[in-house]
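Peer 1: Please find one structure pasted underneath; my questions will follow.
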Amino acid sequence: MNDRVLGRAAFLGLLGAGMAGIFWGKQVAAFAGRFVPDQVEQILPTKGWRIFTIRGIPRIDPERYRLEVTGLVERPLNLSLADLRSLPQVEQVSDFHCVTGWSVHDVHWRGVRFDDLLGAAGLRPEARWLRFVSAEVPYVDTLSLEQARFPDAMLALDMDGKPLSRPHGSPARVVMPQMYGYKSVKWVTTIEARSDFVPGYWETHGYDSDAWIGKSNFFIQEKTSDVFFRGKE
Amino acid sequence: MSRGDQAVAASRARYVRRFGRTERALHWTHATAFFVLLGTGLALWLPALSTIVGRRALVKDVHVWTAVAWAAALVLVVALGDRRALRAAWREIETIERDDRRWLTLRRAPQGRFNAGQKLNAITTAAFAILFAVSGAFLWLSARDARFRWEGPIVVHDTLTILSVFLVSGHLYLAVIHPTTRHALRGMTRGDVREDWARKHHPKWVGATPLRDRELVTSAPDAEPQPETAAT
């Protein structure tokens, strides 16, 4: 046996396996993911969830947490977590799709529909947009009232049977399954009703505002880092 | 050996060139870029790190531009360097001899300039580098064009990261910490290693008898002039 063939075979074999993974990785990942224990999943993003932050995860004391409902409302609200849990709770199972290409299927959410949340505040007729402000400054995003009233749109408090964990947006996050994940603002501290549209964080970096799954963000002019290239923060 | 004897032996130690300038330049270019890419990559990927570091846009820029610089630097090293030496090295690396196969089953077998583990490491590193670049290019493209937004490149890039952490940890352990192998680091920084060490660990490279002086590269500092060997 030609000894050099062995090394060459190892090299080409690795390359071949890798290239196959690039084109058929989804099937392999789906299969292999079944064998990943939960403990590993805490550390390595293997089963699907990846946590992308722009500044770092906020730490919010659930006792001191208040959700401010403000803007074009008759009665601005300051809701505690207990207040939120006393509103009608709904449950749903939906998929989560990140615009970067990974998805997590069958996520169990429990929380509040926006109509129920805004009912006590009394939306003014001029209000057309809801702007969600995250504790992870400066992350914000906006949904139209019509979008926020989708049957599967909600402000989630629980995920997969437990209260939201810190990486996943505790204590409250937006869930908008029919749009890419960047619209589902985490660590929501303020909901502002507005008559005008204000683009969200990722939209100012080139992503679409109407982030419909499979129907948006086909071509993104992803903006480079302002810090690196323009010396701005 | 007593310390005094060791000092005497060291002062008389003969060194033999293991890696030339091009080989070393290739290694250090790749190593430096690799650590910057691994560091920024982990900060983008591991939840534990991405949540502390944040600053995604900046970290992404550093990661991508380092990859570009790495590719350019490799091209430069090959274009300006000793390609003959690189080809010879790659030929050695690809040739997995019977002694190498025996060594890999954890039995004693004489090794050449690269031992079998080093050959496999080099092959794997080279293949991984290409796959990282290809999958990384897809990831970069996918951020801009939905047509490239498959899960395959994500899975490959992720898997390579995990495997690389293991590989490079083992590599660093052997190169820096493990007593019998860490002398090899000198071969990659200064180019030469002690002849007696090489004879012990890589006998098929150095050979059974002492090398002629002109086959050596350097003697250690303060060395006394070496006597002529009888075997010339």
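By convention here, the chains of the structure tokens are called A, B, ... in the order presented, each chain's residues are numbered starting at 1, and ligands are numbered starting at 1 in the order presented.
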Where does range 123-167 of chain A meet range 82-97 of chain A within 10 Å, residue by residue, with the nearest atom pair and distance in Å to one decimal for each, counting only C-alpha atoms, listed by chain and rising number, as a tab-separated table?
Peer 2:
residue	atom	partner	partner_atom	distance
A:Pro151	CA	A:Gln92	CA	9.8
A:Asp152	CA	A:Gln92	CA	7.3
A:Ala153	CA	A:Gln92	CA	9.7
A:Met154	CA	A:Val90	CA	8.6
A:Leu155	CA	A:Leu84	CA	9.5
A:Ala156	CA	A:Glu91	CA	9.0
A:Leu157	CA	A:Arg85	CA	8.1
A:Asp158	CA	A:Glu91	CA	9.1
A:Met159	CA	A:Glu91	CA	9.7
A:Asp160	CA	A:Val93	CA	9.0
A:Gly161	CA	A:Glu91	CA	9.9
Peer 1: Okay, now the selection with N, CA and C atoms, as a CSV table (one decimal), in the first residue's frame?
Peer 2:
chain,number,residue,atom,x,y,z
A,151,PRO,N,-52.7,36.4,16.1
A,151,PRO,CA,-53.1,35.4,17.1
A,151,PRO,C,-52.0,34.7,17.8
A,152,ASP,N,-50.7,34.8,17.3
A,152,ASP,CA,-49.6,34.1,18.0
A,152,ASP,C,-48.6,35.1,18.5
A,153,ALA,N,-49.0,36.4,18.5
A,153,ALA,CA,-48.0,37.4,19.1
A,153,ALA,C,-48.4,37.6,20.6
A,154,MET,N,-47.4,37.7,21.4
A,154,MET,CA,-47.6,37.8,22.8
A,154,MET,C,-46.4,38.4,23.5
A,155,LEU,N,-46.7,38.8,24.8
A,155,LEU,CA,-45.6,39.1,25.7
A,155,LEU,C,-45.4,37.9,26.6
A,156,ALA,N,-44.3,37.1,26.4
A,156,ALA,CA,-44.1,35.9,27.1
A,156,ALA,C,-43.5,36.1,28.4
A,157,LEU,N,-44.0,35.3,29.4
A,157,LEU,CA,-43.4,35.3,30.7
A,157,LEU,C,-42.7,33.9,31.0
A,158,ASP,N,-43.2,32.9,30.4
A,158,ASP,CA,-42.7,31.6,30.7
A,158,ASP,C,-42.3,30.9,29.3
A,159,MET,N,-41.2,30.1,29.4
A,159,MET,CA,-40.8,29.4,28.2
A,159,MET,C,-40.6,27.9,28.6
A,160,ASP,N,-41.1,27.0,27.8
A,160,ASP,CA,-41.0,25.6,28.1
A,160,ASP,C,-41.3,25.2,29.5
A,161,GLY,N,-42.4,25.8,30.0
A,161,GLY,CA,-42.8,25.3,31.3
A,161,GLY,C,-42.2,26.0,32.5
Peer 1: Near Phe19 in chain B, within 9 Å and counting only C-alpha atoms, which residues show up once chain neighbours fewer than 5 positions away are dropped, as a list of chain:residue names?
Peer 2: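 The filter keeps B:Arg24, B:Gly187, B:Met188, B:Thr189, B:Arg190, B:Gly191, B:Asp192.
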Peer 1: Find the residues in chain B near chain A: any atom within 8 Å counts, using only C-alpha atoms. Write them as a PyMOL selection string.
Peer 2: chain B and resi 44-48+50-58+61+91+93-98+120+123-124+126-128+130-131+135+142-147+149-156
Peer 1: What does the distance from CA of Phe34 in chain B to CA of Leu174 in chain B come to in Å, to one decimal?
Peer 2: 17.8 Å
Peer 1: Just want the 12 Å neighbourhood of Lys162 in chain A, counted on only C-alpha atoms, with same-chain residues fewer than 5 positions away dropped. Output as a PDB file with all heavy atoms, in the first residue's frame.
Peer 2:
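Saved the output as selection_21.pdb:
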ATOM      1  N   VAL A 107     -41.347  25.584  20.496  1.00  0.00           N
ATOM      2  CA  VAL A 107     -41.075  26.246  21.766  1.00  0.00           C
ATOM      3  C   VAL A 107     -42.413  26.522  22.457  1.00  0.00           C
ATOM      4  O   VAL A 107     -43.368  26.996  21.835  1.00  0.00           O
ATOM      5  CB  VAL A 107     -40.324  27.574  21.564  1.00  0.00           C
ATOM      6  CG1 VAL A 107     -39.912  28.155  22.902  1.00  0.00           C
ATOM      7  CG2 VAL A 107     -39.123  27.371  20.660  1.00  0.00           C
ATOM      8  N   HIS A 108     -42.468  26.206  23.725  1.00  0.00           N
ATOM      9  CA  HIS A 108     -43.714  26.392  24.479  1.00  0.00           C
ATOM     10  C   HIS A 108     -43.669  27.741  25.178  1.00  0.00           C
ATOM     11  O   HIS A 108     -42.810  27.973  26.030  1.00  0.00           O
ATOM     12  CB  HIS A 108     -43.847  25.256  25.496  1.00  0.00           C
ATOM     13  CG  HIS A 108     -45.190  25.182  26.119  1.00  0.00           C
ATOM     14  ND1 HIS A 108     -45.557  25.955  27.191  1.00  0.00           N
ATOM     15  CD2 HIS A 108     -46.265  24.428  25.804  1.00  0.00           C
ATOM     16  CE1 HIS A 108     -46.813  25.678  27.516  1.00  0.00           C
ATOM     17  NE2 HIS A 108     -47.266  24.758  26.695  1.00  0.00           N
ATOM     18  N   TRP A 109     -44.575  28.629  24.807  1.00  0.00           N
ATOM     19  CA  TRP A 109     -44.600  29.961  25.417  1.00  0.00           C
ATOM     20  C   TRP A 109     -45.869  30.134  26.243  1.00  0.00           C
ATOM     21  O   TRP A 109     -46.911  29.604  25.900  1.00  0.00           O
ATOM     22  CB  TRP A 109     -44.588  31.057  24.347  1.00  0.00           C
ATOM     23  CG  TRP A 109     -43.439  31.045  23.404  1.00  0.00           C
ATOM     24  CD1 TRP A 109     -43.459  30.645  22.100  1.00  0.00           C
ATOM     25  CD2 TRP A 109     -42.098  31.467  23.667  1.00  0.00           C
ATOM     26  NE1 TRP A 109     -42.226  30.804  21.534  1.00  0.00           N
ATOM     27  CE2 TRP A 109     -41.360  31.309  22.469  1.00  0.00           C
ATOM     28  CE3 TRP A 109     -41.430  31.986  24.798  1.00  0.00           C
ATOM     29  CZ2 TRP A 109     -40.017  31.634  22.366  1.00  0.00           C
ATOM     30  CZ3 TRP A 109     -40.092  32.308  24.692  1.00  0.00           C
ATOM     31  CH2 TRP A 109     -39.393  32.131  23.483  1.00  0.00           C
ATOM     32  N   ARG A 110     -45.765  30.929  27.291  1.00  0.00           N
ATOM     33  CA  ARG A 110     -46.927  31.270  28.101  1.00  0.00           C
ATOM     34  C   ARG A 110     -46.815  32.742  28.455  1.00  0.00           C
ATOM     35  O   ARG A 110     -45.756  33.182  28.930  1.00  0.00           O
ATOM     36  CB  ARG A 110     -46.957  30.412  29.366  1.00  0.00           C
ATOM     37  CG  ARG A 110     -48.208  30.514  30.178  1.00  0.00           C
ATOM     38  CD  ARG A 110     -48.266  29.374  31.204  1.00  0.00           C
ATOM     39  NE  ARG A 110     -49.554  29.334  31.861  1.00  0.00           N
ATOM     40  CZ  ARG A 110     -49.845  30.010  32.982  1.00  0.00           C
ATOM     41  NH1 ARG A 110     -48.934  30.741  33.557  1.00  0.00           N
ATOM     42  NH2 ARG A 110     -51.053  29.931  33.506  1.00  0.00           N
ATOM     43  N   GLY A 111     -47.928  33.470  28.254  1.00  0.00           N
ATOM     44  CA  GLY A 111     -47.836  34.894  28.565  1.00  0.00           C
ATOM     45  C   GLY A 111     -49.127  35.621  28.289  1.00  0.00           C
ATOM     46  O   GLY A 111     -50.218  35.040  28.418  1.00  0.00           O
ATOM     47  N   ALA A 156     -44.305  37.142  26.383  1.00  0.00           N
ATOM     48  CA  ALA A 156     -44.128  35.874  27.079  1.00  0.00           C
ATOM     49  C   ALA A 156     -43.473  36.079  28.438  1.00  0.00           C
ATOM     50  O   ALA A 156     -42.571  36.907  28.593  1.00  0.00           O
ATOM     51  CB  ALA A 156     -43.288  34.927  26.234  1.00  0.00           C
ATOM     52  N   LEU A 157     -43.951  35.291  29.410  1.00  0.00           N
ATOM     53  CA  LEU A 157     -43.350  35.295  30.748  1.00  0.00           C
ATOM     54  C   LEU A 157     -42.696  33.941  31.046  1.00  0.00           C
ATOM     55  O   LEU A 157     -41.769  33.866  31.842  1.00  0.00           O
ATOM     56  CB  LEU A 157     -44.421  35.576  31.812  1.00  0.00           C
ATOM     57  CG  LEU A 157     -45.236  36.854  31.589  1.00  0.00           C
ATOM     58  CD1 LEU A 157     -46.396  36.939  32.587  1.00  0.00           C
ATOM     59  CD2 LEU A 157     -44.353  38.087  31.713  1.00  0.00           C
ATOM     60  N   HIS A 168     -32.788  34.135  27.989  1.00  0.00           N
ATOM     61  CA  HIS A 168     -33.912  34.162  27.061  1.00  0.00           C
ATOM     62  C   HIS A 168     -34.857  35.332  27.296  1.00  0.00           C
ATOM     63  O   HIS A 168     -35.930  35.370  26.721  1.00  0.00           O
ATOM     64  CB  HIS A 168     -34.679  32.834  27.123  1.00  0.00           C
ATOM     65  CG  HIS A 168     -33.952  31.720  26.420  1.00  0.00           C
ATOM     66  ND1 HIS A 168     -33.829  31.662  25.045  1.00  0.00           N
ATOM     67  CD2 HIS A 168     -33.290  30.649  26.894  1.00  0.00           C
ATOM     68  CE1 HIS A 168     -33.121  30.589  24.719  1.00  0.00           C
ATOM     69  NE2 HIS A 168     -32.780  29.957  25.814  1.00  0.00           N
ATOM     70  N   SER A 170     -35.651  37.127  30.539  1.00  0.00           N
ATOM     71  CA  SER A 170     -36.464  37.285  31.749  1.00  0.00           C
ATOM     72  C   SER A 170     -36.495  38.720  32.226  1.00  0.00           C
ATOM     73  O   SER A 170     -35.506  39.434  32.096  1.00  0.00           O
ATOM     74  CB  SER A 170     -35.917  36.391  32.868  1.00  0.00           C
ATOM     75  OG  SER A 170     -34.930  37.075  33.610  1.00  0.00           O
ATOM     76  N   PRO A 171     -37.622  39.169  32.809  1.00  0.00           N
ATOM     77  CA  PRO A 171     -38.830  38.386  33.048  1.00  0.00           C
ATOM     78  C   PRO A 171     -39.885  38.439  31.957  1.00  0.00           C
ATOM     79  O   PRO A 171     -40.856  37.704  32.028  1.00  0.00           O
ATOM     80  CB  PRO A 171     -39.389  39.031  34.325  1.00  0.00           C
ATOM     81  CG  PRO A 171     -38.914  40.447  34.261  1.00  0.00           C
ATOM     82  CD  PRO A 171     -37.641  40.474  33.453  1.00  0.00           C
TER      83      PRO A 171
END
Peer 1: Pick out the closest residue to Pro76 in chain A from this set: A:Val185, A:Ile60, A:Ala135, A:Ala121. Count only C-alpha atoms.
Peer 2: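 Once distances to Pro76 in chain A are computed over only C-alpha atoms, the minimum belongs to A:Ala121.
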Peer 1: So which residues touch His201 in chain B within 7 Å, counting only C-alpha atoms, skipping near sequence neighbours fewer than 3 positions away, as a PyMOL selection string?
Peer 2: chain B and resi 111+197-198
Peer 1: Just the number, please: distance in Å from CA of Ser80 in chain A to CA of Glu63 in chain A, one decimal.
Peer 2: 7.7 Å
Peer 1: For the structure I just gave you, how does DSSP split range 23-222 of chain A - specifically, which residues are strand (DSSP E or B)? Reply as a PyMOL selection string.
Peer 2: chain A and resi 66-71+73+77-80+90-97+103-112+123+129-134+140-144+154-159+162-163+173-175+179+188-194+212+219
Peer 1: As an MDAnalysis selection string, please: all residues of chain A that backbone DSSP puts in helix (DSSP H, G or I).
Peer 2: chainID A and resid 3:33 38:43 81:86 114:119 145:148 181:183 202:205 226:230
Peer 1: Would you save the residues of that selection, restricted to C-alpha atoms, as a short mmCIF file (atom, residue, chain, number, x, y, z; two decimals), in the first residue's frame?
Peer 2:
data_model
loop_
_atom_site.label_atom_id
_atom_site.label_comp_id
_atom_site.auth_asym_id
_atom_site.auth_seq_id
_atom_site.Cartn_x
_atom_site.Cartn_y
_atom_site.Cartn_z
CA ASP A 3 1.93 5.13 2.37
CA ARG A 4 1.42 8.53 0.85
CA VAL A 5 -2.05 7.60 -0.27
CA LEU A 6 -3.02 7.18 3.36
CA GLY A 7 -2.24 10.73 4.33
CA ARG A 8 -3.78 12.06 1.16
CA ALA A 9 -6.92 10.00 1.82
CA ALA A 10 -7.17 11.33 5.36
CA PHE A 11 -6.86 14.90 4.10
CA LEU A 12 -9.37 14.51 1.30
CA GLY A 13 -11.68 12.48 3.50
CA LEU A 14 -11.86 15.26 6.05
CA LEU A 15 -12.46 17.82 3.34
CA GLY A 16 -15.15 15.67 1.81
CA ALA A 17 -16.92 15.12 5.12
CA GLY A 18 -16.83 18.83 5.81
CA MET A 19 -18.16 19.80 2.40
CA ALA A 20 -20.92 17.22 2.75
CA GLY A 21 -21.77 18.80 6.07
CA ILE A 22 -22.05 22.20 4.45
CA PHE A 23 -24.63 20.95 2.00
CA TRP A 24 -26.42 18.36 4.12
CA GLY A 25 -25.57 19.53 7.62
CA LYS A 26 -29.15 20.15 8.55
CA GLN A 27 -30.04 16.48 8.40
CA VAL A 28 -26.90 15.48 10.26
CA ALA A 29 -27.50 18.08 12.95
CA ALA A 30 -31.09 17.05 13.43
CA PHE A 31 -29.99 13.47 13.91
CA ALA A 32 -26.97 14.19 16.11
CA GLY A 33 -28.84 16.74 18.20
CA ASP A 38 -29.09 18.99 28.42
CA GLN A 39 -26.02 19.84 30.44
CA VAL A 40 -23.98 20.30 27.30
CA GLU A 41 -26.73 22.43 25.87
CA GLN A 42 -26.24 24.90 28.73
CA ILE A 43 -22.72 25.61 27.55
CA LEU A 81 -44.61 40.86 37.30
CA ALA A 82 -47.50 39.90 39.61
CA ASP A 83 -49.72 42.36 37.73
CA LEU A 84 -48.71 40.75 34.44
CA ARG A 85 -49.43 37.27 35.78
CA SER A 86 -52.87 38.36 36.95
CA PHE A 114 -51.05 42.59 23.82
CA ASP A 115 -54.73 43.49 23.66
CA ASP A 116 -55.19 42.22 27.22
CA LEU A 117 -52.07 44.06 28.33
CA LEU A 118 -53.05 47.36 26.75
CA GLY A 119 -56.73 47.11 27.72
CA LEU A 145 -50.67 47.39 16.24
CA GLU A 146 -51.97 45.05 13.57
CA GLN A 147 -48.87 42.87 13.85
CA ALA A 148 -49.01 42.90 17.66
CA GLY A 181 -36.22 36.56 16.16
CA TYR A 182 -34.74 40.04 16.29
CA LYS A 183 -38.27 41.44 16.44
CA TRP A 202 -31.17 45.69 13.75
CA GLU A 203 -33.16 47.67 11.24
CA THR A 204 -30.72 50.51 11.65
CA HIS A 205 -28.05 47.96 10.77
CA ASP A 226 -19.24 51.81 13.98
CA VAL A 227 -16.70 51.33 16.72
CA PHE A 228 -14.16 49.60 14.57
CA PHE A 229 -14.43 51.71 11.46
CA ARG A 230 -15.69 55.08 12.52
#
